[in-house]
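Student: The file below is run.cif, mmCIF, C-alpha atoms:
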```
data_input
loop_
_atom_site.label_atom_id
_atom_site.label_comp_id
_atom_site.auth_asym_id
_atom_site.auth_seq_id
_atom_site.Cartn_x
_atom_site.Cartn_y
_atom_site.Cartn_z
CA MET A 6 7.44 11.18 6.91
CA ASN A 7 3.70 10.61 6.66
CA ASP A 8 0.86 13.04 7.35
CA ILE A 9 -0.27 11.68 10.72
CA GLU A 10 -3.87 12.90 10.43
CA GLU A 11 -4.26 11.25 7.03
CA LEU A 12 -2.76 8.03 8.40
CA LYS A 13 -5.31 8.08 11.21
CA ARG A 14 -8.18 8.47 8.76
CA PHE A 15 -7.02 5.66 6.52
CA VAL A 16 -6.11 3.27 9.30
CA GLU A 17 -9.68 3.39 10.54
CA VAL A 18 -10.57 1.71 7.24
CA HIS A 19 -7.57 -0.63 7.24
CA GLY A 20 -8.05 -1.56 10.89
CA ARG A 21 -11.69 -2.47 10.41
CA ILE A 22 -10.78 -4.68 7.46
CA LEU A 23 -8.24 -6.43 9.71
CA GLY A 24 -10.86 -6.88 12.43
CA ILE A 25 -9.61 -4.39 15.03
CA ARG A 26 -12.53 -2.94 17.01
CA GLY A 27 -13.29 0.75 16.69
CA ASP A 28 -12.78 1.45 20.39
CA ARG A 29 -9.38 -0.22 20.28
CA LEU A 30 -8.39 1.80 17.20
CA ARG A 31 -9.36 5.03 18.95
CA GLN A 32 -7.50 4.02 22.10
CA VAL A 33 -4.18 3.51 20.33
CA LEU A 34 -4.63 6.40 17.90
CA GLY A 35 -5.19 8.68 20.87
CA ARG A 36 -1.58 8.06 21.95
CA ILE A 37 -0.09 8.95 18.57
CA ARG A 38 1.12 12.51 17.99
CA HIS A 39 3.66 12.29 15.14
CA ASP A 40 5.53 9.99 12.76
CA GLN A 41 9.13 10.42 13.90
CA ASP A 42 10.72 6.99 13.47
CA GLY A 43 10.72 5.04 16.74
CA GLU A 44 10.13 8.01 19.03
CA PRO A 45 7.60 7.93 21.93
CA GLY A 46 4.19 8.95 20.64
CA SER A 47 5.11 7.95 17.08
CA TRP A 48 2.98 5.80 14.80
CA ALA A 49 5.16 2.71 14.59
CA ARG A 50 6.24 2.73 18.23
CA GLU A 51 2.77 3.10 19.76
CA TRP A 52 1.22 0.41 17.56
CA THR A 53 4.18 -1.91 18.13
CA GLU A 54 4.05 -1.49 21.90
CA ALA A 55 0.31 -2.15 21.85
CA GLY A 56 1.00 -5.37 19.93
CA VAL A 57 3.77 -6.44 22.30
CA GLU A 58 1.40 -6.07 25.26
CA LEU A 59 -1.16 -8.34 23.53
CA GLU A 60 1.63 -10.79 22.73
CA ARG A 61 2.57 -10.98 26.43
CA ARG A 62 -1.05 -11.86 27.21
CA GLY A 63 -1.03 -14.71 24.66
CA ARG A 64 -3.31 -12.94 22.16
CA GLU A 65 -1.15 -13.72 19.16
CA VAL A 66 -3.67 -13.03 16.40
CA GLU A 67 -4.58 -9.61 17.78
CA ALA A 68 -0.92 -8.79 18.34
CA GLY A 69 -0.16 -9.57 14.70
CA ARG A 70 -2.89 -7.19 13.56
CA HIS A 71 -1.35 -4.40 15.64
CA PHE A 72 2.12 -5.06 14.20
CA ASN A 73 0.53 -4.96 10.75
CA ILE A 74 -0.83 -1.49 11.48
CA ALA A 75 2.54 -0.41 12.91
CA ARG A 76 4.23 -1.06 9.53
CA PHE A 77 1.43 0.76 7.66
CA PRO A 78 1.57 2.12 4.99
CA TYR A 79 5.05 0.86 4.04
CA VAL A 80 8.46 0.30 5.58
CA ASP A 81 10.35 3.61 5.60
CA GLY A 82 12.75 3.18 8.50
CA PRO A 83 13.93 0.90 11.34
CA ALA A 84 10.73 1.14 13.42
CA ARG A 85 8.44 0.02 10.60
CA ALA A 86 11.00 -2.60 9.52
CA ASP A 87 10.83 -4.03 13.04
CA ALA A 88 7.03 -4.00 12.89
CA GLN A 89 7.11 -5.83 9.55
CA GLU A 90 9.34 -8.54 11.03
CA ARG A 91 7.06 -8.85 14.04
CA THR A 92 4.02 -9.20 11.77
CA VAL A 93 5.57 -12.19 10.02
CA ALA A 94 6.94 -13.75 13.22
CA SER A 95 3.60 -13.44 14.99
CA PHE A 96 1.79 -15.09 12.10
CA ASP A 97 4.43 -17.84 11.97
CA ARG A 98 3.90 -18.67 15.65
CA TRP A 99 0.14 -18.71 15.20
CA ARG A 100 0.14 -20.95 12.14
CA SER A 101 2.67 -23.36 13.74
CA GLY A 102 0.24 -24.06 16.58
CA ASP A 103 -2.95 -23.87 14.54
CA GLY A 104 -2.80 -27.32 12.93
CA SER A 105 -4.24 -26.03 9.67
CA GLY A 106 -1.23 -27.03 7.59
CA ILE A 107 -0.25 -23.51 6.55
CA ARG A 108 3.31 -23.58 5.30
CA ARG A 109 5.85 -21.07 4.10
CA LEU A 110 6.95 -20.93 0.46
CA ASP A 111 10.08 -19.03 -0.58
CA LEU A 112 10.06 -18.75 -4.36
CA ASP A 113 12.96 -17.38 -6.40
CA LEU A 114 11.15 -15.97 -9.42
CA SER A 115 12.58 -14.12 -12.39
CA GLY A 116 11.86 -10.70 -10.87
CA GLY A 117 13.17 -11.54 -7.40
CA ARG A 118 12.26 -13.59 -4.34
CA VAL A 119 8.61 -13.83 -3.36
CA ARG A 120 7.62 -15.29 0.00
CA CYS A 121 4.15 -16.77 0.40
CA TRP A 122 1.95 -18.60 2.86
CA ALA A 123 0.22 -21.65 1.40
CA ALA A 124 -2.20 -24.35 2.50
CA GLY A 125 -3.87 -27.28 0.79
CA LEU A 126 -1.01 -28.06 -1.58
CA ASP A 127 -0.26 -31.54 -2.95
CA ALA A 128 -2.52 -34.32 -4.15
CA ARG A 129 -5.58 -35.66 -2.35
CA ASP A 130 -7.03 -38.95 -3.52
CA GLY A 131 -4.67 -38.82 -6.47
CA GLU A 132 -5.78 -35.38 -7.66
CA LEU A 133 -4.11 -32.03 -7.36
CA PRO A 134 -6.32 -29.22 -6.03
CA PRO A 135 -7.08 -26.07 -8.03
CA VAL A 136 -5.42 -22.83 -6.95
CA VAL A 137 -6.85 -19.74 -5.31
CA LEU A 138 -4.20 -17.05 -5.41
CA LEU A 139 -4.63 -14.26 -2.83
CA SER A 140 -3.08 -10.83 -2.70
CA GLY A 141 -3.93 -7.46 -1.21
CA GLY A 142 -3.05 -3.99 -2.44
CA ILE A 143 -0.16 -1.58 -2.02
CA VAL A 144 -0.45 -1.36 1.80
CA SER A 145 -1.59 -4.93 2.59
CA VAL A 146 0.53 -7.89 3.64
CA LYS A 147 -0.21 -11.58 3.10
CA GLU A 148 -0.67 -12.33 6.80
CA GLN A 149 -4.15 -10.80 6.68
CA PHE A 150 -5.35 -13.90 4.78
CA GLY A 151 -4.82 -16.29 7.70
CA PRO A 152 -8.54 -17.14 8.13
CA ILE A 153 -8.93 -18.16 4.47
CA LEU A 154 -5.69 -20.16 4.50
CA ALA A 155 -6.94 -22.04 7.56
CA LYS A 156 -10.03 -23.16 5.59
CA ALA A 157 -8.13 -24.44 2.54
CA SER A 158 -8.36 -28.14 3.33
CA ARG A 159 -12.09 -27.94 4.05
CA LEU A 160 -12.68 -26.20 0.73
CA GLY A 161 -10.52 -28.66 -1.22
CA LEU A 162 -8.34 -25.87 -2.59
CA ALA A 163 -4.69 -24.95 -2.74
CA VAL A 164 -4.70 -21.43 -1.29
CA VAL A 165 -1.58 -19.32 -1.75
CA ALA A 166 -1.30 -15.86 -0.18
CA THR A 167 1.29 -13.50 -1.58
CA GLU A 168 2.00 -9.78 -1.78
CA MET A 169 2.42 -7.14 -4.41
CA PRO A 170 5.94 -6.34 -5.59
CA GLY A 171 7.72 -4.26 -2.96
CA VAL A 172 5.16 -5.00 -0.25
CA GLY A 173 5.97 -7.07 2.84
CA GLU A 174 8.36 -9.87 1.90
CA ASN A 175 8.08 -9.49 -1.86
CA ALA A 176 11.52 -8.38 -3.03
CA GLN A 177 10.42 -7.45 -6.55
CA ARG A 178 10.02 -3.86 -7.80
CA TYR A 179 6.51 -2.74 -8.76
CA ALA A 180 6.62 -1.96 -12.48
CA ALA A 181 4.55 -2.04 -15.66
CA ASP A 182 5.37 -5.72 -16.19
CA SER A 183 4.68 -6.84 -12.61
CA HIS A 184 1.79 -8.99 -13.83
CA ARG A 185 4.45 -11.47 -15.00
CA MET A 186 4.92 -12.42 -11.34
CA ILE A 187 1.64 -14.34 -11.51
CA PRO A 188 2.55 -16.83 -14.27
CA ASP A 189 6.00 -17.18 -12.72
CA LEU A 190 4.38 -18.09 -9.42
CA LEU A 191 2.07 -20.61 -11.10
CA ASP A 192 5.07 -22.19 -12.82
CA ALA A 193 6.68 -22.60 -9.39
CA LEU A 194 3.54 -24.29 -8.04
CA ALA A 195 3.21 -26.76 -10.89
CA GLY A 196 3.24 -30.35 -9.62
CA ARG A 197 1.91 -29.33 -6.21
CA ALA A 198 -1.42 -27.93 -7.38
CA ASP A 199 -3.58 -27.95 -10.49
CA VAL A 200 -2.33 -24.61 -11.79
CA GLU A 201 -4.39 -25.06 -14.97
CA ARG A 202 -7.38 -24.22 -12.77
CA THR A 203 -6.43 -21.00 -11.01
CA VAL A 204 -8.58 -18.15 -9.75
CA ALA A 205 -6.85 -14.90 -8.83
CA VAL A 206 -8.51 -13.26 -5.82
CA MET A 207 -6.36 -10.16 -5.91
CA LEU A 208 -7.55 -6.88 -4.43
CA SER A 209 -6.97 -3.22 -5.25
CA PHE A 210 -3.76 -2.66 -7.24
CA SER A 211 -2.96 -6.38 -7.38
CA GLY A 212 -6.33 -6.79 -9.10
CA HIS A 213 -4.97 -4.70 -11.96
CA MET A 214 -2.04 -7.12 -12.17
CA ALA A 215 -4.44 -10.08 -12.24
CA LEU A 216 -6.56 -8.61 -15.05
CA ARG A 217 -3.49 -8.07 -17.22
CA ALA A 218 -2.11 -11.51 -16.42
CA ALA A 219 -5.43 -13.11 -17.38
CA LEU A 220 -5.05 -11.67 -20.87
CA HIS A 221 -1.96 -13.80 -21.44
CA ASP A 222 -2.17 -16.82 -19.13
CA LYS A 223 -5.02 -19.21 -19.86
CA ARG A 224 -4.44 -21.04 -16.59
CA ILE A 225 -6.30 -18.20 -14.89
CA ARG A 226 -9.98 -19.18 -14.96
CA GLY A 227 -11.35 -16.10 -13.20
CA VAL A 228 -10.43 -12.83 -11.52
CA VAL A 229 -12.05 -11.70 -8.28
CA THR A 230 -11.10 -8.23 -7.15
CA ALA A 231 -12.20 -5.10 -5.29
CA GLY A 232 -11.31 -1.47 -5.85
CA ALA A 233 -8.82 -2.27 -8.59
CA PRO A 234 -7.55 0.53 -10.86
CA VAL A 235 -8.39 -0.22 -14.47
CA GLY A 236 -8.01 2.68 -16.88
CA ASP A 237 -9.13 6.11 -15.72
CA PHE A 238 -7.08 5.92 -12.53
CA PHE A 239 -3.98 5.95 -14.70
CA THR A 240 -5.11 8.41 -17.40
CA ASP A 241 -7.53 10.89 -15.80
CA THR A 242 -5.34 13.90 -15.03
CA ALA A 243 -8.11 15.68 -13.13
CA TRP A 244 -8.57 12.68 -10.83
CA ARG A 245 -4.88 12.65 -9.94
CA THR A 246 -5.27 15.77 -7.85
CA ARG A 247 -7.81 13.94 -5.66
CA VAL A 248 -5.77 10.80 -4.96
CA PRO A 249 -4.82 10.71 -1.24
CA ARG A 250 -1.24 11.52 -0.35
CA VAL A 251 -0.72 8.19 1.38
CA THR A 252 -1.60 6.38 -1.87
CA VAL A 253 0.70 8.60 -3.95
CA ASP A 254 3.58 8.26 -1.49
CA THR A 255 3.19 4.49 -1.33
CA LEU A 256 3.11 4.15 -5.11
CA GLY A 257 6.22 6.29 -5.29
CA HIS A 258 7.98 4.10 -2.74
CA LEU A 259 7.06 0.87 -4.54
CA THR A 260 7.93 2.05 -8.05
CA GLY A 261 11.01 4.11 -7.20
CA HIS A 262 9.53 7.32 -8.62
CA SER A 263 9.10 10.58 -6.75
CA PRO A 264 5.63 11.27 -5.31
CA GLY A 265 5.41 14.34 -7.49
CA SER A 266 5.87 12.39 -10.73
CA VAL A 267 4.66 8.87 -10.02
CA LEU A 268 1.04 9.15 -11.21
CA ALA A 269 2.06 10.75 -14.50
CA ARG A 270 4.58 7.95 -15.04
CA LEU A 271 1.86 5.28 -14.75
CA THR A 272 -0.24 6.49 -17.69
CA ASP A 273 0.78 3.58 -19.91
CA TRP A 274 -0.35 1.07 -17.29
CA ALA A 275 -4.02 1.58 -18.15
CA LEU A 276 -5.96 -1.37 -19.54
CA THR A 277 -7.50 -0.35 -22.85
CA PRO A 278 -11.09 -1.06 -23.93
CA ARG A 279 -9.71 -3.57 -26.45
CA GLU A 280 -7.79 -5.42 -23.72
CA LEU A 281 -10.81 -5.49 -21.42
CA ALA A 282 -12.97 -6.84 -24.24
CA ALA A 283 -10.38 -9.55 -24.88
CA LEU A 284 -10.72 -11.02 -21.39
CA GLN A 285 -12.09 -14.55 -21.71
CA VAL A 286 -12.68 -15.18 -18.01
CA PRO A 287 -15.36 -14.09 -15.54
CA VAL A 288 -14.50 -10.96 -13.58
CA SER A 289 -16.12 -10.37 -10.18
CA TYR A 290 -15.53 -6.87 -8.87
CA THR A 291 -16.54 -5.21 -5.60
CA VAL A 292 -17.19 -1.50 -6.12
CA SER A 293 -17.10 1.11 -3.36
CA GLY A 294 -19.50 3.86 -4.42
CA ARG A 295 -17.59 6.53 -2.50
CA ASP A 296 -14.11 5.27 -3.37
CA GLU A 297 -11.63 8.08 -2.84
CA ILE A 298 -8.84 6.27 -4.74
CA ILE A 299 -10.48 4.59 -7.75
CA PRO A 300 -12.46 6.92 -10.07
CA PRO A 301 -16.03 6.01 -11.10
CA GLY A 302 -14.92 5.84 -14.73
CA ASP A 303 -13.13 2.55 -14.02
CA ARG A 304 -16.42 0.87 -13.16
CA SER A 305 -17.89 2.22 -16.39
CA LEU A 306 -15.01 0.79 -18.41
CA LEU A 307 -15.62 -2.64 -16.92
CA GLU A 308 -19.35 -2.48 -17.56
CA GLN A 309 -18.90 -1.37 -21.14
CA HIS A 310 -16.20 -3.80 -22.21
CA VAL A 311 -15.82 -6.91 -20.02
CA ARG A 312 -17.82 -9.80 -21.43
CA GLU A 313 -18.59 -11.64 -18.20
CA LEU A 314 -18.77 -9.19 -15.32
CA ARG A 315 -20.42 -9.44 -11.91
CA LEU A 316 -20.48 -6.44 -9.60
CA LEU A 317 -21.05 -6.09 -5.89
CA VAL A 318 -21.65 -2.41 -5.13
CA HIS A 319 -21.43 -0.89 -1.66
CA ASP A 320 -22.17 2.68 -0.62
CA ASP A 321 -18.80 2.92 1.10
CA VAL A 322 -15.23 4.20 0.84
CA HIS A 323 -12.25 2.33 -0.64
CA GLY A 324 -12.10 -1.22 0.67
CA SER A 325 -15.76 -1.10 1.83
CA PRO A 326 -14.81 -1.46 5.52
CA SER A 327 -18.46 -1.49 6.62
CA HIS A 328 -19.14 -4.56 4.48
CA VAL A 329 -16.13 -6.79 5.12
CA ALA A 330 -18.03 -10.00 5.92
CA GLU A 331 -20.35 -9.73 2.92
CA SER A 332 -17.54 -8.89 0.51
CA ARG A 333 -15.39 -11.81 1.67
CA LEU A 334 -18.21 -14.35 1.38
CA TRP A 335 -19.24 -13.01 -2.03
CA SER A 336 -15.65 -13.05 -3.27
CA LEU A 337 -15.01 -16.62 -2.14
CA ARG A 338 -18.26 -17.84 -3.65
CA SER A 339 -17.36 -16.04 -6.90
CA ALA A 340 -13.99 -17.80 -6.92
CA LEU A 341 -15.65 -21.21 -6.56
CA GLU A 342 -18.13 -20.36 -9.32
CA ALA A 343 -15.26 -19.48 -11.65
CA LEU A 344 -13.67 -22.88 -10.94
CA GLY A 345 -16.94 -24.77 -11.49
CA GLY A 346 -18.36 -27.43 -9.21
CA TYR A 347 -18.11 -27.02 -5.44
CA GLY A 348 -21.90 -27.00 -5.19
CA ARG A 349 -22.01 -27.86 -1.49
CA GLN A 350 -19.46 -25.21 -0.53
CA ARG A 351 -21.12 -22.59 -2.72
CA ALA A 352 -24.49 -23.35 -1.15
CA ALA A 353 -23.03 -22.98 2.34
CA LEU A 354 -21.43 -19.67 1.39
CA GLY A 355 -24.74 -18.53 -0.09
CA LEU A 356 -26.55 -19.24 3.17
CA ALA A 357 -23.89 -17.38 5.14
CA LEU A 358 -24.13 -14.48 2.72
CA SER A 359 -27.90 -14.31 3.12
CA ALA A 360 -27.50 -14.29 6.89
CA VAL A 361 -24.99 -11.43 6.76
CA ARG A 362 -27.28 -9.40 4.51
CA ALA A 363 -30.27 -10.05 6.76
CA ARG A 364 -28.30 -8.91 9.78
CA GLU A 365 -27.22 -5.75 7.96
CA ARG A 366 -30.81 -4.95 7.06
CA LEU A 367 -31.86 -5.31 10.70
CA THR A 368 -29.04 -3.14 11.99
CA GLY A 369 -29.18 -0.61 9.17
CA ALA A 370 -25.48 -1.15 8.50
CA GLY A 371 -25.82 -2.07 4.85
CA GLY A 372 -25.00 0.04 1.85
CA ARG A 373 -26.29 -0.15 -1.70
CA ARG A 374 -25.84 -3.29 -3.79
CA ALA A 375 -26.36 -3.94 -7.46
CA GLY A 376 -29.31 -6.17 -8.24
CA ALA A 377 -29.08 -9.38 -10.26
CA ALA A 378 -29.43 -8.15 -13.82
CA GLY A 379 -28.98 -11.19 -15.98
CA PRO A 380 -27.27 -10.86 -19.38
CA ALA A 381 -26.71 -7.24 -20.30
CA GLY A 382 -26.59 -6.72 -24.03
CA ALA A 383 -24.73 -8.72 -26.61
CA GLY A 384 -21.59 -8.96 -24.53
CA GLY A 385 -23.34 -10.96 -21.82
CA ARG A 386 -22.20 -8.66 -19.01
CA ARG A 387 -23.91 -9.14 -15.67
CA ALA A 388 -24.25 -7.18 -12.46
CA GLY A 389 -24.59 -9.98 -10.02
CA ALA A 390 -25.26 -9.26 -6.36
CA ALA A 391 -28.90 -10.03 -5.74
CA GLY A 392 -31.07 -8.72 -2.93
CA PRO A 393 -31.72 -5.39 -1.24
CA ALA A 394 -29.10 -3.13 0.28
CA GLY A 395 -26.52 -4.78 2.51
CA ALA A 396 -12.84 -5.78 0.62
CA GLY A 397 -8.73 -4.26 0.08
CA ALA A 398 -6.19 -1.31 -0.18
#
```
As structure tokens, how would this structure be written, given the file I've shared?
Tutor:
Amino acid sequence: MNDIEELKRFVEVHGRILGIRGDRLRQVLGRIRHDQDGEPGSWAREWTEAGVELERRGREVEAGRHFNIARFPYVDGPARADAQERTVASFDRWRSGDGSGIRRLDLDLSGGRVRCWAAGLDARDGELPPVVLLSGGIVSVKEQFGPILAKASRLGLAVVATEMPGVGENAQRYAADSHRMIPDLLDALAGRADVERTVAVMLSFSGHMALRAALHDKRIRGVVTAGAPVGDFFTDTAWRTRVPRVTVDTLGHLTGHSPGSVLARLTDWALTPRELAALQVPVSYTVSGRDEIIPPGDRSLLEQHVRELRLLVHDDVHGSPSHVAESRLWSLRSALEALGGYGRQRAALGLALSAVRARERLTGAGGRRAGAAGPAGAGGRRAGAAGPAGAGA
């Protein structure tokens, strides 16, 4: 059973990333008193009933977001299992009537079945599109990427949204070798997309998987991530005592280890300085300056060892919920830059990014961003978010 007050704190971040208004979050949270599975006043039941009411009123997208919150942080009983099924079903109804060509992919990979949503697959004008692979963190399901999937054809990309092992509809177990899921997935996409030109836009803990996969799979041309654990998260014993319970419990659930031992068992998962220095691809990383999950030492490791690094830094908590629009635009533009070309689309994203930053300056909503620094030392590292002060778990 989860600590209900901690869930409420973290869902304010998760809900804002999903696009649920603050007043709506407070309205539903005000009805929640405990986390007894399926009981009145419980987490999963109140969020599910709120979603069902929206569903009755034809507000499918909003309903799906509420079901997503109802299954948060992970499925631990019948009520959250029901919410997980409703999340997928709601998204399926939406995409079927959207006309954007989003399709379901069920892939039997070596580690177990992985279910994805994909758009933009197959050849256009005789050419296969490059791949943008999307994934959230340990509490995030693939359905949150609907808006990006809907834009795949306009961007000329094959966009594939998946989940971390053990999350949502991914039947694999999260383990030290989970990064192997990524090359397996690319193998399964071969012939339907140009997998030799892949960018992994993988957030939080899936970003760690992407960095390790990029060491071994040259089809990955770039990694775009946010709040990803790198080294110190796994090895800093003092930091472990500060990691939120919901994160520890979720990691324990996904790995099969007890919450009391799970962080100590992940020590060997750390990326070493030598491995980081061996990365041959650009890495774009959104940093939350007040991240309560990822220690500041992980940013330092990236800055010291990654050859081609661009940082976007927000004065915010994990996931940078106050900077969702800016982070998404910056991440997508970074993905296109890693692929090369796409000048028109990158220019359009740049204009949209400037508009978001201008609006944040006017409203005072922005946090701190790193300035464009150019090459930094012999390694050519860069901190690359220009301009004055302005996402996933």
Student: Quick one: contact table of segment 60-103 of chain A to segment 249-268 of chain A, 12 Å max, nearest atom pair and distance in Å to one decimal per residue, counting all atoms listed in the file, chain and number order, as JSON lines?
Tutor:
```
{"residue": "A:Phe77", "atom": "CA", "partner": "A:Thr255", "partner_atom": "CA", "distance": 9.9}
{"residue": "A:Pro78", "atom": "CA", "partner": "A:Thr255", "partner_atom": "CA", "distance": 6.9}
{"residue": "A:Tyr79", "atom": "CA", "partner": "A:Thr255", "partner_atom": "CA", "distance": 6.7}
{"residue": "A:Val80", "atom": "CA", "partner": "A:His258", "partner_atom": "CA", "distance": 9.2}
{"residue": "A:Asp81", "atom": "CA", "partner": "A:His258", "partner_atom": "CA", "distance": 8.7}
```
Student: Could you turn the residues from that selection into a file that holds C-alpha atoms, as a PDB file, in the frame of the given file?
Tutor:
```pdb
ATOM      1  CA  PHE A  77       1.430   0.760   7.660  1.00  0.00           C
ATOM      2  CA  PRO A  78       1.570   2.120   4.990  1.00  0.00           C
ATOM      3  CA  TYR A  79       5.050   0.860   4.040  1.00  0.00           C
ATOM      4  CA  VAL A  80       8.460   0.300   5.580  1.00  0.00           C
ATOM      5  CA  ASP A  81      10.350   3.610   5.600  1.00  0.00           C
TER       6      ASP A  81
END
```
Student: Near segment 111-128 of chain A, counting only C-alpha atoms, which residues have an atom at most 8 Å away, once you skip same-chain residues fewer than 4 positions from it, shown as a short mmCIF file (atom, residue, chain, number, x, y, z; two decimals) with C-alpha atoms, keeping the file's coordinate frame?
Tutor:
```
data_model
loop_
_atom_site.label_atom_id
_atom_site.label_comp_id
_atom_site.auth_asym_id
_atom_site.auth_seq_id
_atom_site.Cartn_x
_atom_site.Cartn_y
_atom_site.Cartn_z
CA SER A 105 -4.24 -26.03 9.67
CA GLY A 106 -1.23 -27.03 7.59
CA ILE A 107 -0.25 -23.51 6.55
CA GLU A 132 -5.78 -35.38 -7.66
CA LEU A 133 -4.11 -32.03 -7.36
CA PRO A 134 -6.32 -29.22 -6.03
CA LYS A 147 -0.21 -11.58 3.10
CA GLU A 148 -0.67 -12.33 6.80
CA LEU A 154 -5.69 -20.16 4.50
CA ALA A 155 -6.94 -22.04 7.56
CA ALA A 157 -8.13 -24.44 2.54
CA SER A 158 -8.36 -28.14 3.33
CA GLY A 161 -10.52 -28.66 -1.22
CA LEU A 162 -8.34 -25.87 -2.59
CA ALA A 163 -4.69 -24.95 -2.74
CA VAL A 164 -4.70 -21.43 -1.29
CA VAL A 165 -1.58 -19.32 -1.75
CA ALA A 166 -1.30 -15.86 -0.18
CA THR A 167 1.29 -13.50 -1.58
CA GLU A 168 2.00 -9.78 -1.78
CA GLU A 174 8.36 -9.87 1.90
CA ASN A 175 8.08 -9.49 -1.86
CA ALA A 176 11.52 -8.38 -3.03
CA GLN A 177 10.42 -7.45 -6.55
CA ARG A 178 10.02 -3.86 -7.80
CA MET A 186 4.92 -12.42 -11.34
CA ASP A 189 6.00 -17.18 -12.72
CA LEU A 190 4.38 -18.09 -9.42
CA ALA A 193 6.68 -22.60 -9.39
CA GLY A 196 3.24 -30.35 -9.62
CA ARG A 197 1.91 -29.33 -6.21
CA ALA A 198 -1.42 -27.93 -7.38
#
```
Student: So the first atom is atom CA of Leu358 of chain A and the second is atom CA of Ser332 of chain A; what is the distance between them in Å, to one decimal place?
Tutor: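 Atom-to-atom, atom CA of Leu358 of chain A and atom CA of Ser332 of chain A are spaced 8.9 Å apart.
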Student: Report as a PyMOL selection string the residues that result from applying the PyMOL selection byres ((chain A and resi 84-86) around 12) to the structure here.
Tutor: chain A and resi 6+40-45+47-54+71-83+87-93+172-174
Student: Once the PyMOL selection byres ((chain A and resi 228) around 7) has been evaluated on this model, what residues remain selected, and can you format them as a list in words?
Tutor: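 For this structure, the PyMOL selection byres ((chain A and resi 228) around 7) captures Val204, Ala205, Val206, Ala215, Leu216, Gly227, Val229, Thr230, Pro287, Val288 and Ser289 of chain A.
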Student: Have a look at atom CA of Ile9 of chain A and atom CA of His39 of chain A and let me know their distance in Å, one decimal.
Tutor: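 Between atom CA of Ile9 of chain A and atom CA of His39 of chain A the gap is 5.9 Å.
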Student: I would like the residues chosen by the PyMOL selection byres ((chain A and resi 17) around 12) on the shown file; could you give them as an MDAnalysis selection string?
Tutor: chainID A and resid 10:16 18:34 74 77 322:327
Student: Using all atoms listed in the file, find the one residue out of A:Ser101, A:Ser359, A:Gln350, A:Thr240 that sits nearest to Lys156 of chain A.
Tutor: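 Under the stated criterion, the closest residue is A:Gln350.
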Student: I need every residue sitting at most 9 Å from the point (-12.7, 5.5, -13.1) (coordinates as in the file, only C-alpha atoms considered), written as a ChimeraX atom specification.
Tutor: /A:234-239,241,244,299-306
Student: Any idea what the distance is between atom CA of Thr272 of chain A and atom CA of His213 of chain A?
Tutor: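 Atom-to-atom, atom CA of Thr272 of chain A to atom CA of His213 of chain A, that is 13.4 Å.
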Student: Considering only C-alpha atoms, can you say which of A:Glu60, A:Glu365, A:Asp296, A:Glu313 comes closest to Ala330 of chain A?
Tutor: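 Among the listed residues, the smallest separation from Ala330 of chain A belongs to A:Glu365.
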Student: Nearest to Leu208 of chain A: which of A:Arg159, A:Arg333, A:Arg295, A:Arg108 is it, counting all atoms listed in the file?
Tutor: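 Of A:Arg159, A:Arg333, A:Arg295, A:Arg108, the one nearest Leu208 of chain A is A:Arg333, counting all atoms listed in the file.
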Student: Is there a way to get, as a ChimeraX atom specification, all residues within 12 Å of the point (-0.1, -12.5, 22.0) in file coordinates, counting all atoms listed in the file?
Tutor: /A:54-72,91-92,94-96,98-99
Student: Output C-alpha atoms for every residue in that selection, as a PDB file, keeping the file's coordinate frame.
Tutor:
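For reference, again.pdb as written:
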```pdb
ATOM      1  CA  GLU A  54       4.050  -1.490  21.900  1.00  0.00           C
ATOM      2  CA  ALA A  55       0.310  -2.150  21.850  1.00  0.00           C
ATOM      3  CA  GLY A  56       1.000  -5.370  19.930  1.00  0.00           C
ATOM      4  CA  VAL A  57       3.770  -6.440  22.300  1.00  0.00           C
ATOM      5  CA  GLU A  58       1.400  -6.070  25.260  1.00  0.00           C
ATOM      6  CA  LEU A  59      -1.160  -8.340  23.530  1.00  0.00           C
ATOM      7  CA  GLU A  60       1.630 -10.790  22.730  1.00  0.00           C
ATOM      8  CA  ARG A  61       2.570 -10.980  26.430  1.00  0.00           C
ATOM      9  CA  ARG A  62      -1.050 -11.860  27.210  1.00  0.00           C
ATOM     10  CA  GLY A  63      -1.030 -14.710  24.660  1.00  0.00           C
ATOM     11  CA  ARG A  64      -3.310 -12.940  22.160  1.00  0.00           C
ATOM     12  CA  GLU A  65      -1.150 -13.720  19.160  1.00  0.00           C
ATOM     13  CA  VAL A  66      -3.670 -13.030  16.400  1.00  0.00           C
ATOM     14  CA  GLU A  67      -4.580  -9.610  17.780  1.00  0.00           C
ATOM     15  CA  ALA A  68      -0.920  -8.790  18.340  1.00  0.00           C
ATOM     16  CA  GLY A  69      -0.160  -9.570  14.700  1.00  0.00           C
ATOM     17  CA  ARG A  70      -2.890  -7.190  13.560  1.00  0.00           C
ATOM     18  CA  HIS A  71      -1.350  -4.400  15.640  1.00  0.00           C
ATOM     19  CA  PHE A  72       2.120  -5.060  14.200  1.00  0.00           C
ATOM     20  CA  ARG A  91       7.060  -8.850  14.040  1.00  0.00           C
ATOM     21  CA  THR A  92       4.020  -9.200  11.770  1.00  0.00           C
ATOM     22  CA  ALA A  94       6.940 -13.750  13.220  1.00  0.00           C
ATOM     23  CA  SER A  95       3.600 -13.440  14.990  1.00  0.00           C
ATOM     24  CA  PHE A  96       1.790 -15.090  12.100  1.00  0.00           C
ATOM     25  CA  ARG A  98       3.900 -18.670  15.650  1.00  0.00           C
ATOM     26  CA  TRP A  99       0.140 -18.710  15.200  1.00  0.00           C
TER      27      TRP A  99
END
```
